[in-house]
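Engineer: Sharing a structure, written as structure tokens. Questions coming.
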Amino acid sequence: MLSISTHRRIWRRKLNWVAAAAAVVAIFLLGFSLFSASPNKTTQLTQLSEMVPLTLISNAKKTGAFCLDGSLPGYHFQKGFGSGTRNWLLHIEGGGWCNTIASCSYRKTTALGSSKYMDLEVKFGGILSSDPSENPDFFSWNKVKIRYCDGASFAGRPESEINGAKLFFRGQLIWEAVKDELLSLGLSNARQALLSGCSAGGLATLIHCDDFRDVLPKNAKVKCLSDAGFFLNEKDIAGNHTIQSFYHDVVQLQGVSKSLNKDCVAKKDPFKCLFPQEFTSSIKTPIFLVNPAYDFWQIQNILVPVSSDFHGDWSTCKRNIHNCSPNQVAILQGFRNSLLKALTNFLQINGGVFINSCYIHCQTWIAETWHGPASPKINNKTIAESVGEWYFNDKTVQQIDCPYPCNPTCYNMVFP
């Protein structure tokens, strides 16, 4: 039998392979588009899992809920069983955003902008798994993966569409269409429900959390889980407002402001209300945040974008956090401190968190990081165990790791 350390080395190699493939794809993407790929898992659990087919939203054409290219949006639905027949878990796919006509036009030639390029079947893993050993709390629930094809975290509005661009900014309409279809499939009778999402899907989860709560029965237990969706409004290493400028362009281009938190928009420039630190504390529905303190996407695109690393001094560090110099680690620790500071109000209202010290991005939809013998842990609890305790026991669960490199259970991504 292989030791846990050997298993960990094997899975790190697999995660690293995925990172390498994602990096190659990213070269061809415009803007801040992130491709999230699952490891090429060969475990018995994965082999036993079922392929879940793509369903195009039946009422989308009638309501005008189109992907960027005008194709119909879709989702993957796996029916619940046993005690989970009236419980629902929705997971919103991630994949960055587009902020210009050019980047959105490119995006519509990919699965992140058109259902024409989406996989017709996908395997459910991690929080979507039907195996109780991989997903002990939600394995029997109705589970839905909502595909992401609008480029604005399901918040774009058609009023902002530009004549002649042949782009459809319909994110808000897609959200409403998929919600209505799932309600007709049984979500309207849910006893328990959890809205979750990864990356840009995690941000969409926060944007639409209260709306999700409002359409479900009042006596249902409804909560929301955002995985790697807490993007920071931080200057980059050159002092530039890189992410702030990018979000400004996304909001302007796709007419996002009307979909954002109304209290926030009434007080601040709308683009600032795309940052969770500005509105998370005002969300009424219980929220749980899963975020690495050293989120590799944020470090590579917000803190140290290529445009601000003039001499490439950070290239080795960004590829492998273990190669960072003491000065670079100190800057990364400052980024972690900014995250914890941004979470101050949220923590004070007893919001749930799992902030580990890993160099990774999304962690809930991958079996190896969600729940298993070698999964990342804080206080000897996996992400799944912490989320389960928060969801079912209504406890305040705030797992905050010590600074890097203190946690030996971390999966740290390595790029070529």
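Letters A, B, ... go to the chains of the structure tokens in the order shown; residues in each chain start at 1; ligands are counted from 1 in the same order.
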Report as a PyMOL selection string all protein, DNA and RNA residues lying within 6 Å of stretch 272-282 of chain A, evaluated on only C-alpha atoms, omitting residues in the same chain fewer than 4 positions from it.
Structural biologist: chain A and resi 230+264+342+346
Engineer: Those residues with N, CA, C and O atoms, as a PDB file, in the first residue's frame please?
Structural biologist:
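Here's the written file result_29.pdb:
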ATOM      1  N   PHE A 230     -13.477  35.442  -3.500  1.00  0.00           N
ATOM      2  CA  PHE A 230     -13.283  36.689  -2.762  1.00  0.00           C
ATOM      3  C   PHE A 230     -12.065  37.404  -3.351  1.00  0.00           C
ATOM      4  O   PHE A 230     -10.950  37.323  -2.838  1.00  0.00           O
ATOM      5  N   CYS A 264     -24.738  48.832  -1.785  1.00  0.00           N
ATOM      6  CA  CYS A 264     -23.363  49.178  -2.149  1.00  0.00           C
ATOM      7  C   CYS A 264     -23.347  50.188  -3.288  1.00  0.00           C
ATOM      8  O   CYS A 264     -22.640  51.205  -3.228  1.00  0.00           O
ATOM      9  N   ALA A 342      -9.649  42.588   4.871  1.00  0.00           N
ATOM     10  CA  ALA A 342     -10.878  42.749   4.088  1.00  0.00           C
ATOM     11  C   ALA A 342     -12.014  41.905   4.634  1.00  0.00           C
ATOM     12  O   ALA A 342     -13.187  42.193   4.417  1.00  0.00           O
ATOM     13  N   PHE A 346     -16.872  40.755   7.905  1.00  0.00           N
ATOM     14  CA  PHE A 346     -17.526  39.471   7.659  1.00  0.00           C
ATOM     15  C   PHE A 346     -17.316  38.522   8.833  1.00  0.00           C
ATOM     16  O   PHE A 346     -18.239  37.827   9.265  1.00  0.00           O
TER      17      PHE A 346
END
Engineer: So that I can check the surroundings of A:Ala228, please list as a PDB file with all heavy atoms, in the first residue's frame every protein, DNA and RNA residue that reaches within 6 Å of it, counting only C-alpha atoms and ignoring chain neighbours fewer than 2 positions away.
Structural biologist:
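Output file out.pdb is given in full below:
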ATOM      1  N   CYS A 198     -17.234  28.390  -8.010  1.00  0.00           N
ATOM      2  CA  CYS A 198     -15.778  28.490  -7.981  1.00  0.00           C
ATOM      3  C   CYS A 198     -15.306  29.694  -8.779  1.00  0.00           C
ATOM      4  O   CYS A 198     -15.804  29.948  -9.883  1.00  0.00           O
ATOM      5  CB  CYS A 198     -15.186  27.199  -8.548  1.00  0.00           C
ATOM      6  SG  CYS A 198     -13.573  27.358  -9.350  1.00  0.00           S
ATOM      7  N   SER A 199     -14.378  30.472  -8.232  1.00  0.00           N
ATOM      8  CA  SER A 199     -13.746  31.589  -8.923  1.00  0.00           C
ATOM      9  C   SER A 199     -14.794  32.625  -9.353  1.00  0.00           C
ATOM     10  O   SER A 199     -15.521  33.147  -8.516  1.00  0.00           O
ATOM     11  CB  SER A 199     -12.940  31.061 -10.117  1.00  0.00           C
ATOM     12  OG  SER A 199     -12.141  32.073 -10.679  1.00  0.00           O
ATOM     13  N   PHE A 230     -13.477  35.442  -3.500  1.00  0.00           N
ATOM     14  CA  PHE A 230     -13.283  36.689  -2.762  1.00  0.00           C
ATOM     15  C   PHE A 230     -12.065  37.404  -3.351  1.00  0.00           C
ATOM     16  O   PHE A 230     -10.950  37.323  -2.838  1.00  0.00           O
ATOM     17  CB  PHE A 230     -13.088  36.406  -1.266  1.00  0.00           C
ATOM     18  CG  PHE A 230     -13.328  37.602  -0.377  1.00  0.00           C
ATOM     19  CD1 PHE A 230     -14.583  37.831   0.177  1.00  0.00           C
ATOM     20  CD2 PHE A 230     -12.312  38.503  -0.103  1.00  0.00           C
ATOM     21  CE1 PHE A 230     -14.814  38.933   0.992  1.00  0.00           C
ATOM     22  CE2 PHE A 230     -12.529  39.605   0.715  1.00  0.00           C
ATOM     23  CZ  PHE A 230     -13.782  39.821   1.260  1.00  0.00           C
ATOM     24  N   ASN A 291     -11.198  30.104   0.746  1.00  0.00           N
ATOM     25  CA  ASN A 291     -10.212  30.876  -0.015  1.00  0.00           C
ATOM     26  C   ASN A 291      -8.804  30.539   0.453  1.00  0.00           C
ATOM     27  O   ASN A 291      -8.545  30.527   1.666  1.00  0.00           O
ATOM     28  CB  ASN A 291     -10.436  32.376   0.170  1.00  0.00           C
ATOM     29  CG  ASN A 291     -10.904  33.083  -1.080  1.00  0.00           C
ATOM     30  OD1 ASN A 291     -12.070  32.986  -1.456  1.00  0.00           O
ATOM     31  ND2 ASN A 291     -10.001  33.767  -1.752  1.00  0.00           N
ATOM     32  N   HIS A 361      -6.059  27.606  -6.248  1.00  0.00           N
ATOM     33  CA  HIS A 361      -7.216  28.467  -6.538  1.00  0.00           C
ATOM     34  C   HIS A 361      -8.463  27.752  -6.022  1.00  0.00           C
ATOM     35  O   HIS A 361      -8.659  27.664  -4.816  1.00  0.00           O
ATOM     36  CB  HIS A 361      -7.273  28.789  -8.022  1.00  0.00           C
ATOM     37  CG  HIS A 361      -8.244  29.869  -8.404  1.00  0.00           C
ATOM     38  ND1 HIS A 361      -8.332  31.076  -7.735  1.00  0.00           N
ATOM     39  CD2 HIS A 361      -9.183  29.926  -9.382  1.00  0.00           C
ATOM     40  CE1 HIS A 361      -9.262  31.833  -8.289  1.00  0.00           C
ATOM     41  NE2 HIS A 361      -9.809  31.155  -9.287  1.00  0.00           N
ATOM     42  N   CYS A 362      -9.301  27.227  -6.875  1.00  0.00           N
ATOM     43  CA  CYS A 362     -10.516  26.531  -6.421  1.00  0.00           C
ATOM     44  C   CYS A 362     -10.174  25.192  -5.770  1.00  0.00           C
ATOM     45  O   CYS A 362      -9.279  24.476  -6.220  1.00  0.00           O
ATOM     46  CB  CYS A 362     -11.447  26.301  -7.603  1.00  0.00           C
ATOM     47  SG  CYS A 362     -12.086  27.835  -8.333  1.00  0.00           S
TER      48      CYS A 362
END
Engineer: Skipping near chain neighbours, those fewer than 3 positions away, what residues fall within 10 Å of stretch 394-399 of chain A using only C-alpha atoms, listed as a list of chain:residue names?
Structural biologist: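 The contact residues come out as A:Pro286, A:Phe288, A:Leu289, A:Val290, A:Leu347, A:Ile349, A:Asn350, A:Gly351, A:Gly352, A:Val353, A:Phe354, A:Ile355, A:Asn356, A:Lys377, A:Ile378, A:Asn379, A:Lys381, A:Ile383, A:Ser386, A:Val387, A:Gly388, A:Glu389, A:Trp390, A:Tyr391, A:Cys402.
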Engineer: Would you mind telling me which residue in A:Leu185, A:Leu343, A:Val304, A:Ile299 lies nearest to A:Ile57 when using only C-alpha atoms?
Structural biologist: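 Of all the options, A:Leu185 lies closest to A:Ile57.
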Engineer: Tell me, as a count of residues only, which residues lie within 6 Å of A:Ile174, counting only C-alpha atoms; anything in the same chain fewer than 3 positions away does not count.
Structural biologist: 3
Engineer: Which residues of stretch 300-327 of chain A come within 10 Å of stretch 239-250 of chain A, and for each one, what is the closest pair of atoms and their distance in Å to one decimal, counting only C-alpha atoms, sorted by chain and residue number, as a Markdown table?
Structural biologist:
| residue | atom | partner | partner_atom | distance |
| --- | --- | --- | --- | --- |
| A:Asn301 | CA | A:Ile243 | CA | 7.8 |
| A:Ile302 | CA | A:Ile243 | CA | 5.6 |
| A:Leu303 | CA | A:Thr242 | CA | 8.5 |
| A:Val304 | CA | A:Thr242 | CA | 9.5 |
| A:Pro305 | CA | A:Thr242 | CA | 8.0 |
| A:Ser307 | CA | A:Thr242 | CA | 9.1 |
| A:Ser308 | CA | A:Asn240 | CA | 7.9 |
Engineer: Write out the residues from the selection above, keeping N, CA, C and O atoms, as a JSON list (two decimals), in the first residue's frame.
Structural biologist:
[["chain", "number", "residue", "atom", "x", "y", "z"],
["A", 301, "ASN", "N", -2.38, 37.57, -11.25],
["A", 301, "ASN", "CA", -3.13, 38.53, -12.07],
["A", 301, "ASN", "C", -3.49, 39.84, -11.38],
["A", 301, "ASN", "O", -3.71, 40.84, -12.06],
["A", 302, "ILE", "N", -3.56, 39.82, -10.06],
["A", 302, "ILE", "CA", -3.88, 41.04, -9.31],
["A", 302, "ILE", "C", -2.62, 41.64, -8.68],
["A", 302, "ILE", "O", -2.30, 42.81, -8.88],
["A", 303, "LEU", "N", -1.88, 40.83, -7.94],
["A", 303, "LEU", "CA", -0.70, 41.32, -7.23],
["A", 303, "LEU", "C", 0.50, 41.48, -8.15],
["A", 303, "LEU", "O", 1.20, 42.51, -8.11],
["A", 304, "VAL", "N", 0.75, 40.48, -8.99],
["A", 304, "VAL", "CA", 1.94, 40.51, -9.85],
["A", 304, "VAL", "C", 1.56, 40.20, -11.30],
["A", 304, "VAL", "O", 1.96, 39.17, -11.86],
["A", 305, "PRO", "N", 0.78, 41.07, -11.95],
["A", 305, "PRO", "CA", 0.49, 40.85, -13.37],
["A", 305, "PRO", "C", 1.76, 41.03, -14.19],
["A", 305, "PRO", "O", 2.69, 41.74, -13.79],
["A", 307, "SER", "N", 2.32, 42.73, -16.71],
["A", 307, "SER", "CA", 2.54, 44.12, -17.10],
["A", 307, "SER", "C", 3.28, 44.93, -16.04],
["A", 307, "SER", "O", 3.86, 45.98, -16.35],
["A", 308, "SER", "N", 3.28, 44.46, -14.80],
["A", 308, "SER", "CA", 3.94, 45.21, -13.72],
["A", 308, "SER", "C", 5.22, 44.54, -13.23],
["A", 308, "SER", "O", 5.92, 45.08, -12.38]]
Engineer: Between stretch 194-302 of chain A and stretch 122-132 of chain A, at 12 Å or less, what are the per-residue closest atom pairs and their distances in Å? Count only C-alpha atoms, order by chain and rising residue number, and return it as a Markdown table.
Structural biologist:
| residue | atom | partner | partner_atom | distance |
| --- | --- | --- | --- | --- |
| A:Leu194 | CA | A:Ile127 | CA | 10.7 |
| A:Leu195 | CA | A:Ile127 | CA | 11.3 |
| A:Ser196 | CA | A:Ile127 | CA | 9.2 |
| A:Gly197 | CA | A:Ile127 | CA | 10.3 |
| A:Cys198 | CA | A:Ile127 | CA | 11.1 |
| A:Leu225 | CA | A:Ile127 | CA | 10.8 |
| A:Asp227 | CA | A:Ile127 | CA | 11.0 |
Engineer: Just to be explicit: take each residue in the selection above, keep C-alpha atoms, and write the result as an mmCIF file, in the first residue's frame.
Structural biologist:
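result12.cif written:
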data_model
loop_
_atom_site.group_PDB
_atom_site.id
_atom_site.type_symbol
_atom_site.label_atom_id
_atom_site.label_comp_id
_atom_site.auth_asym_id
_atom_site.auth_seq_id
_atom_site.Cartn_x
_atom_site.Cartn_y
_atom_site.Cartn_z
ATOM 1 C CA LEU A 194 -26.721 25.155 -1.012
ATOM 2 C CA LEU A 195 -25.658 27.539 -3.778
ATOM 3 C CA SER A 196 -21.943 27.241 -4.479
ATOM 4 C CA GLY A 197 -19.468 28.314 -7.121
ATOM 5 C CA CYS A 198 -15.778 28.490 -7.981
ATOM 6 C CA LEU A 225 -20.638 28.737 -0.418
ATOM 7 C CA ASP A 227 -14.903 28.996 -3.390
#
Engineer: Could you work out how far atom CA of A:His371 lies from atom CA of A:Glu385, giving the answer in Å with one decimal?
Structural biologist: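 Interatomic distance, atom CA of A:Glu385 to atom CA of A:His371: 7.6 Å.
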Engineer: Leaving out A:Phe335 and any residue of its chain fewer than 3 positions from it, which residues lie within 8 Å of it when counting only C-alpha atoms, given as JSON, numbers by chain?
Structural biologist: {"A": [293, 294, 303, 331, 332, 338, 339]}
Engineer: Choose the residue, out of A:Tyr404, A:Phe415, A:Phe310, A:Phe168, that has the smallest atom-to-atom separation from A:Gln254; count only C-alpha atoms.
Structural biologist: A:Phe168
